[in-house]
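Colleague: Structure supplied as structure36.txt; contents: compact mmCIF, N, CA and C atoms.
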```
# COMPACT_ATOMS: atom_id res chain seq x y z
N MET M 1 2.12 -90.10 -11.33
CA MET M 1 1.80 -88.86 -12.01
C MET M 1 1.17 -87.89 -11.02
N ALA M 2 1.62 -86.66 -11.06
CA ALA M 2 1.05 -85.60 -10.23
C ALA M 2 0.62 -84.47 -11.16
N TYR M 3 0.02 -83.48 -10.59
CA TYR M 3 -0.40 -82.31 -11.35
C TYR M 3 0.45 -81.12 -10.95
N VAL M 4 0.60 -80.17 -11.88
CA VAL M 4 1.45 -79.01 -11.69
C VAL M 4 0.66 -77.76 -12.08
N ILE M 5 0.80 -76.73 -11.28
CA ILE M 5 0.18 -75.43 -11.58
C ILE M 5 1.24 -74.57 -12.25
N THR M 6 0.89 -73.99 -13.39
CA THR M 6 1.87 -73.26 -14.20
C THR M 6 1.60 -71.76 -14.24
N GLU M 7 2.28 -71.08 -15.15
CA GLU M 7 2.34 -69.63 -15.24
C GLU M 7 1.01 -68.89 -15.24
N PRO M 8 -0.05 -69.37 -15.87
CA PRO M 8 -1.29 -68.57 -15.85
C PRO M 8 -1.83 -68.29 -14.44
N CYS M 9 -1.41 -69.05 -13.45
CA CYS M 9 -1.86 -68.82 -12.07
C CYS M 9 -1.13 -67.67 -11.39
N VAL M 10 0.06 -67.34 -11.88
CA VAL M 10 0.86 -66.30 -11.24
C VAL M 10 0.05 -65.00 -11.16
N ASP M 11 -0.04 -64.49 -9.96
CA ASP M 11 -0.75 -63.25 -9.63
C ASP M 11 -2.27 -63.33 -9.82
N VAL M 12 -2.81 -64.51 -10.10
CA VAL M 12 -4.26 -64.69 -10.19
C VAL M 12 -4.76 -65.33 -8.91
N LYS M 13 -4.19 -66.48 -8.58
CA LYS M 13 -4.48 -67.19 -7.34
C LYS M 13 -5.97 -67.36 -7.05
N ASP M 14 -6.71 -67.84 -8.02
CA ASP M 14 -8.10 -68.21 -7.81
C ASP M 14 -8.09 -69.54 -7.04
N ALA M 15 -8.82 -69.65 -5.98
CA ALA M 15 -8.75 -70.83 -5.10
C ALA M 15 -9.71 -71.95 -5.48
N SER M 16 -10.25 -71.94 -6.67
CA SER M 16 -11.18 -72.99 -7.08
C SER M 16 -10.55 -74.37 -6.94
N CYS M 17 -9.29 -74.49 -7.29
CA CYS M 17 -8.60 -75.78 -7.21
C CYS M 17 -8.45 -76.24 -5.76
N VAL M 18 -8.20 -75.31 -4.88
CA VAL M 18 -8.04 -75.64 -3.47
C VAL M 18 -9.35 -76.20 -2.91
N ASP M 19 -10.44 -75.60 -3.30
CA ASP M 19 -11.75 -76.00 -2.80
C ASP M 19 -12.14 -77.41 -3.18
N VAL M 20 -11.68 -77.91 -4.33
CA VAL M 20 -12.08 -79.24 -4.79
C VAL M 20 -11.07 -80.34 -4.48
N CYS M 21 -9.91 -80.00 -4.01
CA CYS M 21 -8.87 -81.00 -3.76
C CYS M 21 -9.26 -81.87 -2.56
N PRO M 22 -9.41 -83.19 -2.77
CA PRO M 22 -9.85 -84.06 -1.68
C PRO M 22 -8.76 -84.36 -0.64
N VAL M 23 -7.51 -84.08 -0.96
CA VAL M 23 -6.42 -84.38 -0.03
C VAL M 23 -5.67 -83.14 0.44
N ASP M 24 -6.17 -81.98 0.11
CA ASP M 24 -5.56 -80.71 0.54
C ASP M 24 -4.08 -80.63 0.23
N CYS M 25 -3.71 -80.92 -1.01
CA CYS M 25 -2.29 -80.89 -1.40
C CYS M 25 -1.93 -79.63 -2.17
N ILE M 26 -2.85 -78.66 -2.24
CA ILE M 26 -2.58 -77.41 -2.95
C ILE M 26 -2.34 -76.31 -1.93
N TYR M 27 -1.19 -75.66 -2.08
CA TYR M 27 -0.76 -74.67 -1.11
C TYR M 27 -0.53 -73.32 -1.78
N GLU M 28 -0.54 -72.28 -0.98
CA GLU M 28 -0.33 -70.93 -1.48
C GLU M 28 1.12 -70.51 -1.30
N ALA M 29 1.71 -70.04 -2.39
CA ALA M 29 3.04 -69.43 -2.35
C ALA M 29 2.85 -67.92 -2.50
N ASP M 30 3.94 -67.19 -2.64
CA ASP M 30 3.84 -65.73 -2.73
C ASP M 30 2.95 -65.26 -3.87
N ARG M 31 3.18 -65.78 -5.07
CA ARG M 31 2.47 -65.26 -6.25
C ARG M 31 1.54 -66.26 -6.92
N GLN M 32 1.49 -67.49 -6.41
CA GLN M 32 0.64 -68.50 -7.04
C GLN M 32 0.41 -69.66 -6.09
N TYR M 33 -0.49 -70.55 -6.48
CA TYR M 33 -0.67 -71.80 -5.76
C TYR M 33 0.26 -72.84 -6.36
N TYR M 34 0.55 -73.88 -5.60
CA TYR M 34 1.34 -74.99 -6.12
C TYR M 34 0.78 -76.28 -5.52
N ILE M 35 1.02 -77.37 -6.22
CA ILE M 35 0.58 -78.68 -5.78
C ILE M 35 1.79 -79.44 -5.25
N ASN M 36 1.67 -79.95 -4.03
CA ASN M 36 2.74 -80.78 -3.48
C ASN M 36 2.71 -82.10 -4.23
N VAL M 37 3.73 -82.36 -5.04
CA VAL M 37 3.73 -83.53 -5.91
C VAL M 37 3.79 -84.84 -5.12
N ASP M 38 4.27 -84.81 -3.91
CA ASP M 38 4.33 -86.03 -3.08
C ASP M 38 2.98 -86.34 -2.44
N GLU M 39 2.14 -85.34 -2.27
CA GLU M 39 0.83 -85.53 -1.64
C GLU M 39 -0.30 -85.72 -2.65
N CYS M 40 -0.08 -85.30 -3.88
CA CYS M 40 -1.12 -85.38 -4.93
C CYS M 40 -1.47 -86.84 -5.21
N ILE M 41 -2.77 -87.13 -5.26
CA ILE M 41 -3.22 -88.50 -5.52
C ILE M 41 -3.68 -88.67 -6.97
N ASN M 42 -3.43 -87.68 -7.80
CA ASN M 42 -3.70 -87.76 -9.24
C ASN M 42 -5.18 -87.91 -9.56
N CYS M 43 -6.03 -87.32 -8.79
CA CYS M 43 -7.47 -87.45 -9.01
C CYS M 43 -7.96 -86.55 -10.14
N ALA M 44 -7.21 -85.51 -10.46
CA ALA M 44 -7.52 -84.57 -11.53
C ALA M 44 -8.71 -83.66 -11.23
N ALA M 45 -9.17 -83.62 -10.00
CA ALA M 45 -10.31 -82.76 -9.66
C ALA M 45 -10.00 -81.28 -9.87
N CYS M 46 -8.76 -80.90 -9.71
CA CYS M 46 -8.36 -79.50 -9.82
C CYS M 46 -8.31 -78.99 -11.25
N GLU M 47 -7.94 -79.85 -12.17
CA GLU M 47 -7.70 -79.42 -13.55
C GLU M 47 -8.91 -78.76 -14.21
N PRO M 48 -10.10 -79.37 -14.20
CA PRO M 48 -11.23 -78.75 -14.91
C PRO M 48 -11.80 -77.49 -14.25
N VAL M 49 -11.52 -77.27 -12.97
CA VAL M 49 -12.09 -76.09 -12.31
C VAL M 49 -11.19 -74.86 -12.38
N CYS M 50 -9.98 -75.03 -12.87
CA CYS M 50 -9.05 -73.89 -12.96
C CYS M 50 -9.54 -72.90 -14.00
N PRO M 51 -9.86 -71.66 -13.59
CA PRO M 51 -10.42 -70.70 -14.53
C PRO M 51 -9.41 -70.15 -15.54
N VAL M 52 -8.12 -70.38 -15.29
CA VAL M 52 -7.10 -69.86 -16.21
C VAL M 52 -6.32 -70.98 -16.91
N ALA M 53 -6.80 -72.22 -16.81
CA ALA M 53 -6.17 -73.38 -17.46
C ALA M 53 -4.68 -73.48 -17.15
N ALA M 54 -4.37 -73.38 -15.86
CA ALA M 54 -2.97 -73.42 -15.43
C ALA M 54 -2.52 -74.79 -14.94
N ILE M 55 -3.42 -75.75 -14.82
CA ILE M 55 -3.08 -77.03 -14.20
C ILE M 55 -2.95 -78.12 -15.26
N PHE M 56 -1.81 -78.83 -15.19
CA PHE M 56 -1.51 -79.89 -16.15
C PHE M 56 -1.02 -81.12 -15.41
N ALA M 57 -1.30 -82.30 -16.00
CA ALA M 57 -0.65 -83.51 -15.51
C ALA M 57 0.85 -83.33 -15.73
N LEU M 58 1.64 -83.89 -14.85
CA LEU M 58 3.09 -83.71 -14.88
C LEU M 58 3.67 -83.94 -16.27
N GLU M 59 3.28 -85.03 -16.92
CA GLU M 59 3.86 -85.34 -18.23
C GLU M 59 3.27 -84.50 -19.36
N ALA M 60 2.26 -83.68 -19.07
CA ALA M 60 1.64 -82.84 -20.09
C ALA M 60 1.97 -81.36 -19.95
N VAL M 61 2.85 -81.02 -19.01
CA VAL M 61 3.22 -79.62 -18.82
C VAL M 61 3.91 -79.13 -20.10
N PRO M 62 3.45 -78.02 -20.65
CA PRO M 62 4.10 -77.49 -21.86
C PRO M 62 5.60 -77.24 -21.61
N PRO M 63 6.43 -77.51 -22.61
CA PRO M 63 7.88 -77.35 -22.42
C PRO M 63 8.29 -75.98 -21.90
N ASP M 64 7.60 -74.93 -22.35
CA ASP M 64 7.97 -73.59 -21.89
C ASP M 64 7.54 -73.31 -20.45
N GLN M 65 6.84 -74.26 -19.83
CA GLN M 65 6.38 -74.12 -18.45
C GLN M 65 7.09 -75.10 -17.51
N ALA M 66 8.10 -75.80 -18.01
CA ALA M 66 8.79 -76.84 -17.24
C ALA M 66 9.38 -76.33 -15.92
N SER M 67 9.73 -75.07 -15.85
CA SER M 67 10.31 -74.53 -14.61
C SER M 67 9.32 -74.62 -13.45
N PHE M 68 8.03 -74.70 -13.74
CA PHE M 68 7.03 -74.79 -12.68
C PHE M 68 7.02 -76.18 -12.03
N ILE M 69 7.53 -77.18 -12.73
CA ILE M 69 7.69 -78.51 -12.13
C ILE M 69 8.71 -78.42 -11.01
N GLU M 70 9.83 -77.81 -11.29
CA GLU M 70 10.88 -77.66 -10.28
C GLU M 70 10.41 -76.76 -9.14
N PHE M 71 9.67 -75.71 -9.47
CA PHE M 71 9.13 -74.82 -8.44
C PHE M 71 8.29 -75.60 -7.46
N ALA M 72 7.39 -76.45 -7.97
CA ALA M 72 6.52 -77.25 -7.11
C ALA M 72 7.33 -78.21 -6.25
N LYS M 73 8.33 -78.84 -6.84
CA LYS M 73 9.18 -79.77 -6.09
C LYS M 73 9.95 -79.06 -4.98
N GLU M 74 10.43 -77.87 -5.28
CA GLU M 74 11.17 -77.10 -4.27
C GLU M 74 10.27 -76.65 -3.12
N GLN M 75 9.03 -76.32 -3.43
CA GLN M 75 8.10 -75.86 -2.40
C GLN M 75 7.68 -76.99 -1.48
N GLY M 76 7.45 -78.16 -2.07
CA GLY M 76 6.93 -79.30 -1.31
C GLY M 76 7.99 -79.97 -0.55
```
Kindly return the structure encoded in the file as structure tokens.
Modeller:
Amino acid sequence: MAYVITEPCVDVKDASCVDVCPVDCIYEADRQYYINVDECINCAACEPVCPVAAIFALEAVPPDQASFIEFAKEQG
């Protein structure tokens, strides 16, 4: 299981999640941050600090946000 950053992060890019990630698996894209799903250790440190509630466990991503799973996979 990995974590995914979804639509609420687009154009917000608050770096709180980056600051708490123990393995530095969160990267900056043009309009948002994304989590490299291969590097994520599933610690969940990023989820509670996200000020816009954009981070979900892979299996908990809302259906209307599923495209962000593919976005993260393509980036990583």
Colleague: Near Tyr34 of chain M, within 6.5 Å and counting only N, CA and C atoms, which residues show up once chain neighbours fewer than 3 positions away are dropped, as JSON, numbers by chain?
Modeller: {"M": [5, 25, 26, 27, 28, 29, 72]}
Colleague: Kindly export the residues of the current selection with N, CA and C atoms, as an mmCIF file, in the frame of the given file.
Modeller:
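Final file, out-v3.cif:
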```
data_model
loop_
_atom_site.group_PDB
_atom_site.id
_atom_site.type_symbol
_atom_site.label_atom_id
_atom_site.label_comp_id
_atom_site.auth_asym_id
_atom_site.auth_seq_id
_atom_site.Cartn_x
_atom_site.Cartn_y
_atom_site.Cartn_z
ATOM 1 N N ILE M 5 0.800 -76.730 -11.280
ATOM 2 C CA ILE M 5 0.180 -75.430 -11.580
ATOM 3 C C ILE M 5 1.240 -74.570 -12.250
ATOM 4 N N CYS M 25 -3.710 -80.920 -1.010
ATOM 5 C CA CYS M 25 -2.290 -80.890 -1.400
ATOM 6 C C CYS M 25 -1.930 -79.630 -2.170
ATOM 7 N N ILE M 26 -2.850 -78.660 -2.240
ATOM 8 C CA ILE M 26 -2.580 -77.410 -2.950
ATOM 9 C C ILE M 26 -2.340 -76.310 -1.930
ATOM 10 N N TYR M 27 -1.190 -75.660 -2.080
ATOM 11 C CA TYR M 27 -0.760 -74.670 -1.110
ATOM 12 C C TYR M 27 -0.530 -73.320 -1.780
ATOM 13 N N GLU M 28 -0.540 -72.280 -0.980
ATOM 14 C CA GLU M 28 -0.330 -70.930 -1.480
ATOM 15 C C GLU M 28 1.120 -70.510 -1.300
ATOM 16 N N ALA M 29 1.710 -70.040 -2.390
ATOM 17 C CA ALA M 29 3.040 -69.430 -2.350
ATOM 18 C C ALA M 29 2.850 -67.920 -2.500
ATOM 19 N N ALA M 72 7.390 -76.450 -7.970
ATOM 20 C CA ALA M 72 6.520 -77.250 -7.110
ATOM 21 C C ALA M 72 7.330 -78.210 -6.250
#
```
Colleague: Skip Glu74 of chain M itself and residues of its chain fewer than 3 positions away, then list as number ranges by chain all residues within 12 Å of it, counting only C-alpha atoms.
Modeller: M: 29, 34-38, 67-71
Colleague: Between M:Ile55, M:Val49, M:Gln75, M:Glu39, which residue has the minimum interatomic distance to Thr6 of chain M, considering only C-alpha atoms?
Modeller: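 Among the listed residues, the smallest separation from Thr6 of chain M belongs to M:Ile55.
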Colleague: If you measure from atom CA of Ile41 of chain M to atom CA of Cys21 of chain M, what distance in Å do you get, rounded to one decimal?
Modeller: 9.6 Å
Colleague: What is the distance, in Å and to one decimal place, between atom CA of Met1 of chain M and atom CA of Glu47 of chain M?
Modeller: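 Interatomic distance, atom CA of Met1 of chain M to atom CA of Glu47 of chain M: 13.5 Å.
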Colleague: Would you mind listing what lies within 8 Å of Asp14 of chain M as number ranges by chain, with all atoms listed in the file counted and same-chain residues fewer than 2 positions away left out?
Modeller: M: 9-12, 16-19, 32-33, 50-52
Colleague: Could you pull out all residues of chain M with a DSSP call of alpha helix (DSSP H) and give them as a ChimeraX atom specification?
Modeller: /M:16-20,46-49,67-75
Colleague: One decimal, in Å: what's the spacing between atom CA of Ala66 of chain M and atom CA of Val20 of chain M?
Modeller: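 Going from atom CA of Ala66 of chain M over to atom CA of Val20 of chain M covers 24.4 Å.
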Colleague: Go through M:Cys40, M:Val4, M:Val23, M:Ala15 and flag the residue nearest Ala54 of chain M, using all atoms listed in the file for the distances.
Modeller: M:Val4
Colleague: Restricting the calculation to all atoms listed in the file: of M:Cys43, M:Ala53, M:Pro63, M:Gly76, which residue gets closest to Ala2 of chain M?
Modeller: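 Comparing M:Cys43, M:Ala53, M:Pro63, M:Gly76 against Ala2 of chain M, the winner is M:Cys43.
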Colleague: I need the strand (DSSP E) residues of chain M per DSSP on the backbone, written as a list in words.
Modeller: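 Restricting chain M to strand (DSSP E) produces Tyr3, Val4, Ile5, Ile26, Tyr27, Glu28, Tyr33, Tyr34, Ile35, Ile55, Phe56 and Ala57 of chain M.
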Colleague: Which is closer to Asp64 of chain M than all the others in M:Cys46, M:Glu7, M:Arg31, M:Lys13, using only C-alpha atoms?
Modeller: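 Residue with the minimum atom-to-atom distance to Asp64 of chain M: M:Glu7.
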Colleague: Between M:Pro22, M:Lys73, M:Glu59, M:Asp30, which one has atoms that come closest to Ala45 of chain M, using all atoms listed in the file?
Modeller: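 Of M:Pro22, M:Lys73, M:Glu59, M:Asp30, the one nearest Ala45 of chain M is M:Pro22, counting all atoms listed in the file.
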